[in-house]
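Asks: Structure file final32.cif (mmCIF, C-alpha atoms, pLDDT in the B column; chains and numbers go by the auth columns) is given on the next line.
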data_data
#
loop_
_atom_site.group_PDB
_atom_site.id
_atom_site.type_symbol
_atom_site.label_atom_id
_atom_site.label_comp_id
_atom_site.label_asym_id
_atom_site.label_seq_id
_atom_site.Cartn_x
_atom_site.Cartn_y
_atom_site.Cartn_z
_atom_site.B_iso_or_equiv
_atom_site.auth_seq_id
_atom_site.auth_asym_id
ATOM 1 C CA LYS A 1 93.895 114.555 116.274 75.00 6 A
ATOM 2 C CA ALA A 2 91.584 111.653 116.857 86.00 7 A
ATOM 3 C CA GLY A 3 93.176 108.263 116.371 95.00 8 A
ATOM 4 C CA VAL A 4 92.115 105.427 114.111 97.00 9 A
ATOM 5 C CA THR A 5 88.670 104.143 115.014 98.00 10 A
ATOM 6 C CA GLN A 6 87.020 100.845 114.170 98.00 11 A
ATOM 7 C CA THR A 7 83.442 99.653 114.460 98.00 12 A
ATOM 8 C CA PRO A 8 82.059 97.453 115.748 98.00 13 A
ATOM 9 C CA ARG A 9 84.471 96.426 118.465 97.00 14 A
ATOM 10 C CA TYR A 10 83.021 92.938 118.885 97.00 15 A
ATOM 11 C CA LEU A 11 81.015 90.681 116.619 97.00 16 A
ATOM 12 C CA ILE A 12 79.610 87.191 116.881 98.00 17 A
ATOM 13 C CA LYS A 13 78.571 85.455 113.668 98.00 18 A
ATOM 14 C CA THR A 14 77.820 81.919 112.569 98.00 19 A
ATOM 15 C CA ARG A 15 79.461 79.934 109.798 98.00 20 A
ATOM 16 C CA GLY A 16 78.275 80.868 106.340 98.00 21 A
ATOM 17 C CA GLN A 17 77.262 84.399 107.246 98.00 22 A
ATOM 18 C CA GLN A 18 79.031 87.496 106.005 98.00 23 A
ATOM 19 C CA VAL A 19 80.364 90.444 107.955 98.00 24 A
ATOM 20 C CA THR A 20 81.389 94.044 107.253 98.00 25 A
ATOM 21 C CA LEU A 21 83.893 95.907 109.396 98.00 26 A
ATOM 22 C CA SER A 22 84.550 99.631 109.289 98.00 27 A
ATOM 23 C CA CYS A 23 87.665 101.729 109.802 98.00 28 A
ATOM 24 C CA SER A 24 88.035 105.509 110.009 98.00 29 A
ATOM 25 C CA PRO A 25 91.640 106.670 109.567 97.00 30 A
ATOM 26 C CA ILE A 26 93.366 109.579 111.221 97.00 31 A
ATOM 27 C CA SER A 27 92.233 112.828 109.640 96.00 32 A
ATOM 28 C CA GLY A 28 94.367 113.563 106.579 94.00 33 A
ATOM 29 C CA HIS A 29 95.609 109.992 106.181 94.00 34 A
ATOM 30 C CA ARG A 30 94.812 108.528 102.797 94.00 35 A
ATOM 31 C CA SER A 31 96.158 104.994 103.141 93.00 36 A
ATOM 32 C CA VAL A 32 94.351 102.283 105.070 95.00 37 A
ATOM 33 C CA SER A 33 95.748 98.786 105.567 95.00 38 A
ATOM 34 C CA TRP A 34 93.988 95.827 107.120 97.00 39 A
ATOM 35 C CA TYR A 35 95.577 93.053 109.182 97.00 40 A
ATOM 36 C CA GLN A 36 94.307 89.840 110.737 98.00 41 A
ATOM 37 C CA GLN A 37 95.687 88.832 114.141 97.00 42 A
ATOM 38 C CA THR A 38 95.320 85.280 115.456 96.00 43 A
ATOM 39 C CA PRO A 39 97.246 83.397 118.160 93.00 44 A
ATOM 40 C CA GLY A 40 98.479 80.856 115.630 91.00 45 A
ATOM 41 C CA GLN A 41 99.388 82.974 112.621 93.00 46 A
ATOM 42 C CA GLY A 42 100.151 86.271 114.332 94.00 47 A
ATOM 43 C CA LEU A 43 99.646 89.518 112.436 96.00 48 A
ATOM 44 C CA GLN A 44 99.074 89.078 108.714 96.00 49 A
ATOM 45 C CA PHE A 45 98.561 91.702 106.026 95.00 50 A
ATOM 46 C CA LEU A 46 95.220 91.534 104.214 96.00 51 A
ATOM 47 C CA PHE A 47 95.204 94.525 101.832 94.00 52 A
ATOM 48 C CA GLU A 48 95.911 98.210 101.498 93.00 53 A
ATOM 49 C CA TYR A 49 93.778 100.962 100.007 94.00 54 A
ATOM 50 C CA PHE A 50 94.802 104.389 98.789 92.00 55 A
ATOM 51 C CA SER A 51 92.564 106.902 97.033 91.00 56 A
ATOM 52 C CA GLU A 52 89.735 104.367 96.806 94.00 57 A
ATOM 53 C CA THR A 53 91.950 101.819 95.043 93.00 58 A
ATOM 54 C CA GLN A 54 93.320 98.555 96.334 93.00 59 A
ATOM 55 C CA ARG A 55 97.055 98.786 95.779 88.00 60 A
ATOM 56 C CA ASN A 56 98.308 95.670 97.513 87.00 61 A
ATOM 57 C CA LYS A 57 96.871 92.400 98.679 90.00 62 A
ATOM 58 C CA GLY A 58 98.155 89.730 101.034 92.00 63 A
ATOM 59 C CA ASN A 59 97.717 86.005 100.715 92.00 64 A
ATOM 60 C CA PHE A 60 94.077 85.626 101.687 95.00 65 A
ATOM 61 C CA PRO A 61 91.189 84.010 99.767 96.00 66 A
ATOM 62 C CA GLY A 62 88.757 86.030 97.689 96.00 67 A
ATOM 63 C CA ARG A 63 86.175 85.842 100.496 98.00 68 A
ATOM 64 C CA PHE A 64 88.085 88.733 102.015 98.00 69 A
ATOM 65 C CA SER A 65 87.445 91.996 100.239 97.00 70 A
ATOM 66 C CA GLY A 66 87.412 95.667 100.978 97.00 71 A
ATOM 67 C CA ARG A 67 86.783 99.113 99.704 97.00 72 A
ATOM 68 C CA GLN A 68 87.640 102.684 100.474 98.00 73 A
ATOM 69 C CA PHE A 69 85.450 105.735 100.218 97.00 74 A
ATOM 70 C CA SER A 70 86.281 109.241 99.058 96.00 75 A
ATOM 71 C CA ASN A 71 86.693 110.380 102.691 95.00 76 A
ATOM 72 C CA SER A 72 89.337 107.617 103.159 96.00 77 A
ATOM 73 C CA ARG A 73 87.109 105.552 105.434 98.00 78 A
ATOM 74 C CA SER A 74 87.451 101.884 104.636 98.00 79 A
ATOM 75 C CA GLU A 75 85.373 98.757 105.020 98.00 80 A
ATOM 76 C CA MET A 76 86.338 95.143 104.788 98.00 81 A
ATOM 77 C CA ASN A 77 83.959 92.325 104.097 98.00 82 A
ATOM 78 C CA VAL A 78 84.280 88.629 104.755 98.00 83 A
ATOM 79 C CA SER A 79 81.768 86.395 103.019 96.00 84 A
ATOM 80 C CA THR A 80 80.853 82.797 103.803 97.00 85 A
ATOM 81 C CA LEU A 81 82.462 82.915 107.222 98.00 86 A
ATOM 82 C CA GLU A 82 84.488 79.957 108.450 98.00 87 A
ATOM 83 C CA LEU A 83 85.479 79.057 112.014 97.00 88 A
ATOM 84 C CA GLY A 84 89.069 79.933 111.154 97.00 89 A
ATOM 85 C CA ASP A 85 88.078 83.525 110.425 98.00 90 A
ATOM 86 C CA SER A 86 87.735 84.150 114.155 98.00 91 A
ATOM 87 C CA ALA A 87 90.364 86.788 114.823 98.00 92 A
ATOM 88 C CA LEU A 88 91.125 90.355 115.765 98.00 93 A
ATOM 89 C CA TYR A 89 90.915 92.499 112.638 98.00 94 A
ATOM 90 C CA LEU A 90 93.066 95.602 112.807 98.00 95 A
ATOM 91 C CA CYS A 91 93.206 98.483 110.443 97.00 96 A
ATOM 92 C CA ALA A 92 96.098 100.919 110.247 96.00 97 A
ATOM 93 C CA SER A 93 96.347 104.293 108.572 95.00 98 A
ATOM 94 C CA SER A 94 99.261 106.280 107.228 92.00 99 A
ATOM 95 C CA LEU A 95 99.579 109.526 105.353 89.00 100 A
ATOM 96 C CA MET A 96 100.361 108.342 101.834 81.00 101 A
ATOM 97 C CA GLY A 97 101.002 104.644 102.242 76.00 102 A
ATOM 98 C CA GLN A 98 104.704 105.019 101.554 72.00 103 A
ATOM 99 C CA GLY A 99 106.377 102.013 103.118 70.00 104 A
ATOM 100 C CA VAL A 100 108.637 104.086 105.332 78.00 105 A
ATOM 101 C CA GLU A 101 105.721 105.892 106.983 84.00 106 A
ATOM 102 C CA THR A 102 104.441 104.976 110.412 89.00 107 A
ATOM 103 C CA GLN A 103 101.251 102.968 110.378 93.00 108 A
ATOM 104 C CA TYR A 104 98.891 103.813 113.239 95.00 109 A
ATOM 105 C CA PHE A 105 96.614 101.030 114.356 97.00 110 A
ATOM 106 C CA GLY A 106 93.001 101.124 115.411 98.00 111 A
ATOM 107 C CA PRO A 107 91.688 99.192 118.444 97.00 112 A
ATOM 108 C CA GLY A 108 90.504 96.334 116.258 98.00 113 A
ATOM 109 C CA THR A 109 87.289 94.413 115.760 98.00 114 A
ATOM 110 C CA ARG A 110 87.187 91.062 117.503 98.00 115 A
ATOM 111 C CA LEU A 111 85.226 88.597 115.376 98.00 116 A
ATOM 112 C CA LEU A 112 84.034 85.286 116.742 98.00 117 A
ATOM 113 C CA VAL A 113 82.606 82.766 114.296 98.00 118 A
ATOM 114 C CA LEU A 114 80.486 79.987 115.796 97.00 119 A
ATOM 115 C CA GLY B 1 107.665 87.470 99.811 82.00 173 B
ATOM 116 C CA GLU B 2 109.206 88.771 102.995 89.00 174 B
ATOM 117 C CA ASN B 3 109.684 86.495 106.012 94.00 175 B
ATOM 118 C CA VAL B 4 110.487 87.801 109.489 97.00 176 B
ATOM 119 C CA GLU B 5 111.741 85.538 112.270 98.00 177 B
ATOM 120 C CA GLN B 6 111.630 86.810 115.875 98.00 178 B
ATOM 121 C CA HIS B 7 113.341 85.402 118.986 98.00 179 B
ATOM 122 C CA PRO B 8 112.761 84.638 121.754 98.00 180 B
ATOM 123 C CA SER B 9 109.031 83.996 121.940 97.00 181 B
ATOM 124 C CA THR B 10 109.069 84.621 125.701 98.00 182 B
ATOM 125 C CA LEU B 11 111.579 86.652 127.676 98.00 183 B
ATOM 126 C CA SER B 12 111.552 87.045 131.440 98.00 184 B
ATOM 127 C CA VAL B 13 113.907 89.579 133.031 98.00 185 B
ATOM 128 C CA GLN B 14 114.319 91.118 136.454 98.00 186 B
ATOM 129 C CA GLU B 15 113.130 94.690 136.866 98.00 187 B
ATOM 130 C CA GLY B 16 116.034 97.021 136.164 98.00 188 B
ATOM 131 C CA ASP B 17 117.828 94.566 133.879 98.00 189 B
ATOM 132 C CA SER B 18 118.102 94.868 130.096 98.00 190 B
ATOM 133 C CA ALA B 19 116.058 92.988 127.504 98.00 191 B
ATOM 134 C CA VAL B 20 117.071 92.200 123.934 98.00 192 B
ATOM 135 C CA ILE B 21 114.766 90.907 121.206 98.00 193 B
ATOM 136 C CA LYS B 22 116.155 89.841 117.837 98.00 194 B
ATOM 137 C CA CYS B 23 114.638 89.625 114.377 98.00 195 B
ATOM 138 C CA THR B 24 115.879 88.498 110.998 98.00 196 B
ATOM 139 C CA TYR B 25 114.335 89.261 107.625 97.00 197 B
ATOM 140 C CA SER B 26 114.691 87.676 104.218 95.00 198 B
ATOM 141 C CA ASP B 27 113.983 90.389 101.636 91.00 199 B
ATOM 142 C CA SER B 28 117.063 92.534 101.075 90.00 200 B
ATOM 143 C CA ALA B 29 114.778 95.200 99.544 88.00 201 B
ATOM 144 C CA SER B 30 113.055 95.841 102.898 90.00 202 B
ATOM 145 C CA ASN B 31 114.033 99.279 104.084 90.00 203 B
ATOM 146 C CA TYR B 32 111.831 100.157 107.059 92.00 204 B
ATOM 147 C CA PHE B 33 111.744 98.262 110.349 95.00 205 B
ATOM 148 C CA PRO B 34 109.254 99.324 113.036 96.00 206 B
ATOM 149 C CA TRP B 35 108.761 97.812 116.471 98.00 207 B
ATOM 150 C CA TYR B 36 105.308 97.690 118.040 98.00 208 B
ATOM 151 C CA LYS B 37 104.266 97.074 121.625 98.00 209 B
ATOM 152 C CA GLN B 38 100.909 95.463 122.284 98.00 210 B
ATOM 153 C CA GLU B 39 99.467 95.286 125.772 97.00 211 B
ATOM 154 C CA LEU B 40 96.719 92.788 126.511 94.00 212 B
ATOM 155 C CA GLY B 41 93.479 93.798 124.815 91.00 213 B
ATOM 156 C CA LYS B 42 94.975 96.917 123.258 94.00 214 B
ATOM 157 C CA ARG B 43 96.124 98.030 119.834 96.00 215 B
ATOM 158 C CA PRO B 44 99.734 97.700 118.651 97.00 216 B
ATOM 159 C CA GLN B 45 101.598 100.938 119.319 97.00 217 B
ATOM 160 C CA LEU B 46 104.799 101.998 117.588 96.00 218 B
ATOM 161 C CA ILE B 47 107.659 102.361 120.059 97.00 219 B
ATOM 162 C CA ILE B 48 110.606 102.882 117.733 97.00 220 B
ATOM 163 C CA ASP B 49 111.520 102.416 114.095 95.00 221 B
ATOM 164 C CA ILE B 50 114.621 102.430 111.925 94.00 222 B
ATOM 165 C CA ARG B 51 115.246 102.974 108.237 90.00 223 B
ATOM 166 C CA SER B 52 117.785 101.076 106.214 86.00 224 B
ATOM 167 C CA ASN B 53 120.133 104.046 105.847 84.00 225 B
ATOM 168 C CA VAL B 54 120.669 104.120 109.625 84.00 226 B
ATOM 169 C CA GLY B 55 122.524 101.579 111.774 92.00 227 B
ATOM 170 C CA GLU B 56 121.229 102.518 115.199 96.00 228 B
ATOM 171 C CA LYS B 57 118.544 104.666 116.763 96.00 229 B
ATOM 172 C CA LYS B 58 117.904 105.443 120.404 97.00 230 B
ATOM 173 C CA ASP B 59 114.980 106.916 122.306 95.00 231 B
ATOM 174 C CA GLN B 60 115.535 107.125 126.061 96.00 232 B
ATOM 175 C CA ARG B 61 115.581 103.518 127.352 97.00 233 B
ATOM 176 C CA ILE B 62 114.829 101.976 123.968 98.00 234 B
ATOM 177 C CA ALA B 63 117.260 101.414 121.119 98.00 235 B
ATOM 178 C CA VAL B 64 117.171 99.551 117.832 98.00 236 B
ATOM 179 C CA THR B 65 120.127 98.341 115.797 97.00 237 B
ATOM 180 C CA LEU B 66 120.124 97.226 112.168 97.00 238 B
ATOM 181 C CA ASN B 67 122.648 95.102 110.320 96.00 239 B
ATOM 182 C CA LYS B 68 121.699 95.194 106.650 94.00 240 B
ATOM 183 C CA THR B 69 124.441 92.805 105.581 94.00 241 B
ATOM 184 C CA ALA B 70 123.298 90.108 107.968 95.00 242 B
ATOM 185 C CA LYS B 71 119.644 91.110 107.570 96.00 243 B
ATOM 186 C CA HIS B 72 118.882 91.322 111.221 96.00 244 B
ATOM 187 C CA PHE B 73 117.708 93.991 113.643 98.00 245 B
ATOM 188 C CA SER B 74 117.315 94.066 117.393 98.00 246 B
ATOM 189 C CA LEU B 75 115.384 95.899 120.087 98.00 247 B
ATOM 190 C CA HIS B 76 117.179 96.811 123.289 98.00 248 B
ATOM 191 C CA ILE B 77 115.335 97.957 126.405 98.00 249 B
ATOM 192 C CA THR B 78 117.456 99.100 129.331 98.00 250 B
ATOM 193 C CA GLU B 79 116.452 99.596 132.978 98.00 251 B
ATOM 194 C CA THR B 80 113.261 97.620 132.454 98.00 252 B
ATOM 195 C CA GLN B 81 110.166 98.601 134.396 97.00 253 B
ATOM 196 C CA PRO B 82 106.898 96.742 135.159 96.00 254 B
ATOM 197 C CA GLU B 83 105.065 98.778 132.507 97.00 255 B
ATOM 198 C CA ASP B 84 107.396 97.320 129.868 98.00 256 B
ATOM 199 C CA SER B 85 105.576 93.984 130.243 98.00 257 B
ATOM 200 C CA ALA B 86 103.778 93.377 126.940 98.00 258 B
ATOM 201 C CA VAL B 87 104.103 91.570 123.609 98.00 259 B
ATOM 202 C CA TYR B 88 106.601 93.158 121.248 98.00 260 B
ATOM 203 C CA PHE B 89 106.447 92.715 117.483 98.00 261 B
ATOM 204 C CA CYS B 90 109.127 93.488 114.956 98.00 262 B
ATOM 205 C CA ALA B 91 108.163 94.136 111.354 97.00 263 B
ATOM 206 C CA ALA B 92 109.700 94.809 107.976 94.00 264 B
ATOM 207 C CA ILE B 93 108.392 96.469 104.857 91.00 265 B
ATOM 208 C CA ARG B 94 109.631 97.143 101.360 84.00 266 B
ATOM 209 C CA GLY B 95 108.582 100.707 100.856 72.00 267 B
ATOM 210 C CA TYR B 96 108.949 102.616 97.651 61.00 268 B
ATOM 211 C CA GLY B 97 107.408 105.621 95.997 48.00 269 B
ATOM 212 C CA GLY B 98 103.703 104.952 95.831 43.00 270 B
ATOM 213 C CA GLY B 99 102.350 102.024 97.795 44.00 271 B
ATOM 214 C CA ALA B 100 103.819 99.305 99.906 53.00 272 B
ATOM 215 C CA ASP B 101 103.357 95.577 100.332 71.00 273 B
ATOM 216 C CA GLY B 102 102.187 95.794 103.900 88.00 274 B
ATOM 217 C CA LEU B 103 104.084 95.135 107.076 92.00 275 B
ATOM 218 C CA THR B 104 105.410 91.607 107.589 94.00 276 B
ATOM 219 C CA PHE B 105 105.467 90.878 111.305 97.00 277 B
ATOM 220 C CA GLY B 106 107.461 88.549 113.467 98.00 278 B
ATOM 221 C CA LYS B 107 105.498 86.197 115.717 97.00 279 B
ATOM 222 C CA GLY B 108 106.014 88.381 118.766 98.00 280 B
ATOM 223 C CA THR B 109 107.938 88.256 122.042 98.00 281 B
ATOM 224 C CA HIS B 110 106.106 88.147 125.346 98.00 282 B
ATOM 225 C CA LEU B 111 108.280 90.244 127.665 98.00 283 B
ATOM 226 C CA ILE B 112 107.726 89.624 131.362 98.00 284 B
ATOM 227 C CA ILE B 113 109.304 91.958 133.905 98.00 285 B
ATOM 228 C CA GLN B 114 109.783 90.220 137.239 96.00 286 B
ATOM 229 C CA PRO B 115 109.580 92.530 140.295 92.00 287 B
#
What would you get if you wrote out this structure as structure tokens?

Replies:
Amino acid sequence: KAGVTQTPRYLIKTRGQQVTLSCSPISGHRSVSWYQQTPGQGLQFLFEYFSETQRNKGNFPGRFSGRQFSNSRSEMNVSTLELGDSALYLCASSLMGQGVETQYFGPGTRLLVL
Amino acid sequence: GENVEQHPSTLSVQEGDSAVIKCTYSDSASNYFPWYKQELGKRPQLIIDIRSNVGEKKDQRIAVTLNKTAKHFSLHITETQPEDSAVYFCAAIRGYGGGADGLTFGKGTHLIIQP
């Protein structure tokens, strides 16, 4: 099976712009979670989607949003970008999103905000 | 919410020696504890995990132990090799039927294997 894929792999944006990142889960996986990784804060949970519904959300401002499509592919959007949004954004998929399931990570999208 | 503390932040060991990384968690409802290895520029990859109904799990040179009473779990790597050099993250999650809160990660341990 193909692994989790993410596009684009690298992005450069300027403050105030918005950005959309895409994640395709492993075939058959219905849960997609998003994480932000920075040197200072480490890996932090953004939100989780299952069957096109956001089930859980981490402690991030409303500028961070997402959605999931009927084929389980997911997108996340960040509006009004700030310098502090520069990070590696990782998505992870699992079969049903049960907490005890393994989450498989994609390669990430590295976002640089200038 | 859950809080996971991980120590040490950097660990340097001689090739062939053992390495131990320790994590503590705060939410007694957490019941799944995976460990991920992340090499420079690559995605986190699961190396071993343990569920709260098990005290220890082993996979070749890697083992994980869990003490639910003390709320801590540890990663043990024996006979370390150069390819073990990476950043290791512990995580905890409160899983239940239908949805989960997301993994809470420790800050990571940079493991350096000295030749």

Asks: Distance CA of Ser75 in chain A-CA of Ser99 in chain A, one decimal place?

Replies: 15.6 Å

Asks: Which residues are near Lys243 in chain B? Cut-off 10 Å, all atoms listed in the file, ignore same chain within fewer than 4 positions. Put them as a count of residues only.

Replies: 10

Asks: Please evaluate the PyMOL selection byres ((chain B) within 9 of (chain A)) against the structure above and give the resulting residues as a PDB file with C-alpha atoms, in the coordinates of the input.

Replies:
ATOM      1  CA  ASN B 203     114.033  99.279 104.084  1.00 90.00           C
ATOM      2  CA  TYR B 204     111.831 100.157 107.059  1.00 92.00           C
ATOM      3  CA  PHE B 205     111.744  98.262 110.349  1.00 95.00           C
ATOM      4  CA  PRO B 206     109.254  99.324 113.036  1.00 96.00           C
ATOM      5  CA  GLY B 213      93.479  93.798 124.815  1.00 91.00           C
ATOM      6  CA  LYS B 214      94.975  96.917 123.258  1.00 94.00           C
ATOM      7  CA  ARG B 215      96.124  98.030 119.834  1.00 96.00           C
ATOM      8  CA  PRO B 216      99.734  97.700 118.651  1.00 97.00           C
ATOM      9  CA  GLN B 217     101.598 100.938 119.319  1.00 97.00           C
ATOM     10  CA  LEU B 218     104.799 101.998 117.588  1.00 96.00           C
ATOM     11  CA  ASP B 221     111.520 102.416 114.095  1.00 95.00           C
ATOM     12  CA  ARG B 223     115.246 102.974 108.237  1.00 90.00           C
ATOM     13  CA  ILE B 265     108.392  96.469 104.857  1.00 91.00           C
ATOM     14  CA  ARG B 266     109.631  97.143 101.360  1.00 84.00           C
ATOM     15  CA  GLY B 267     108.582 100.707 100.856  1.00 72.00           C
ATOM     16  CA  TYR B 268     108.949 102.616  97.651  1.00 61.00           C
ATOM     17  CA  GLY B 269     107.408 105.621  95.997  1.00 48.00           C
ATOM     18  CA  GLY B 270     103.703 104.952  95.831  1.00 43.00           C
ATOM     19  CA  GLY B 271     102.350 102.024  97.795  1.00 44.00           C
ATOM     20  CA  ALA B 272     103.819  99.305  99.906  1.00 53.00           C
ATOM     21  CA  ASP B 273     103.357  95.577 100.332  1.00 71.00           C
ATOM     22  CA  GLY B 274     102.187  95.794 103.900  1.00 88.00           C
ATOM     23  CA  LEU B 275     104.084  95.135 107.076  1.00 92.00           C
ATOM     24  CA  THR B 276     105.410  91.607 107.589  1.00 94.00           C
ATOM     25  CA  PHE B 277     105.467  90.878 111.305  1.00 97.00           C
ATOM     26  CA  GLY B 278     107.461  88.549 113.467  1.00 98.00           C
ATOM     27  CA  LYS B 279     105.498  86.197 115.717  1.00 97.00           C
ATOM     28  CA  GLY B 280     106.014  88.381 118.766  1.00 98.00           C
TER      29      GLY B 280
END

Asks: Taking 5 positions as the minimum chain separation for residues in the same chain, which residues sit within 10 Å of range 182-190 of chain B when counting only C-alpha atoms? Answer as a VMD selection string.

Replies: chain B and resid 233 to 234 248 to 254 256 to 257 259 to 260 280 to 287

Asks: May I ask for the distance between CA of Leu88 in chain A and CA of Tyr15 in chain A, given in Å to one decimal place?

Replies: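 Value for the CA of Leu88 in chain A-CA of Tyr15 in chain A distance: 15.7 Å.
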
Asks: So the first atom is CA of Trp207 in chain B and the second is CA of Glu174 in chain B; what is the distance between them in Å, to one decimal place?

Replies: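 Computed distance, CA of Trp207 in chain B to CA of Glu174 in chain B, equals 16.2 Å.
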
Asks: What does the PyMOL selection byres ((chain A and resi 26) around 12) select in this file, as a ChimeraX atom specification?

Replies: /A:10-16,23-25,27-29,39,69-73,78-84,93-96,113-116

Asks: Using all atoms listed in the file, which residue out of B:Ala263, B:Gly227, B:Ala191, B:Gln178 lies closest to Thr241 in chain B?

Replies: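 For Thr241 in chain B, the nearest of the given residues is B:Gly227.
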
Asks: So what does the PyMOL selection byres ((chain A and resi 18) around 6) actually pick up in this one, as a PDB file with C-alpha atoms, in the coordinates of the input?

Replies:
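New file part07.pdb:
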ATOM      1  CA  ILE A  17      79.610  87.191 116.881  1.00 98.00           C
ATOM      2  CA  THR A  19      77.820  81.919 112.569  1.00 98.00           C
ATOM      3  CA  VAL A 118      82.606  82.766 114.296  1.00 98.00           C
TER       4      VAL A 118
END

Asks: Which residue is closest to Asn175 in chain B? Choose from B:Val236, B:Ala201, B:Ala258, B:Leu212 and count all atoms listed in the file.

Replies: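 Between B:Val236, B:Ala201, B:Ala258, B:Leu212, the residue approaching Asn175 in chain B most closely is B:Ala201.
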
Asks: Enclose all atoms of range 101-105 of chain A listed in the file in an axis-aligned box, grow every side by 6 Å, and hand back centre and edge lengths in Å to one decimal, as lines of an AutoDock Vina configuration file.

Replies:
center_x = 104.5
center_y = 105.2
center_z = 103.4
size_x = 20.3
size_y = 18.3
size_z = 15.8
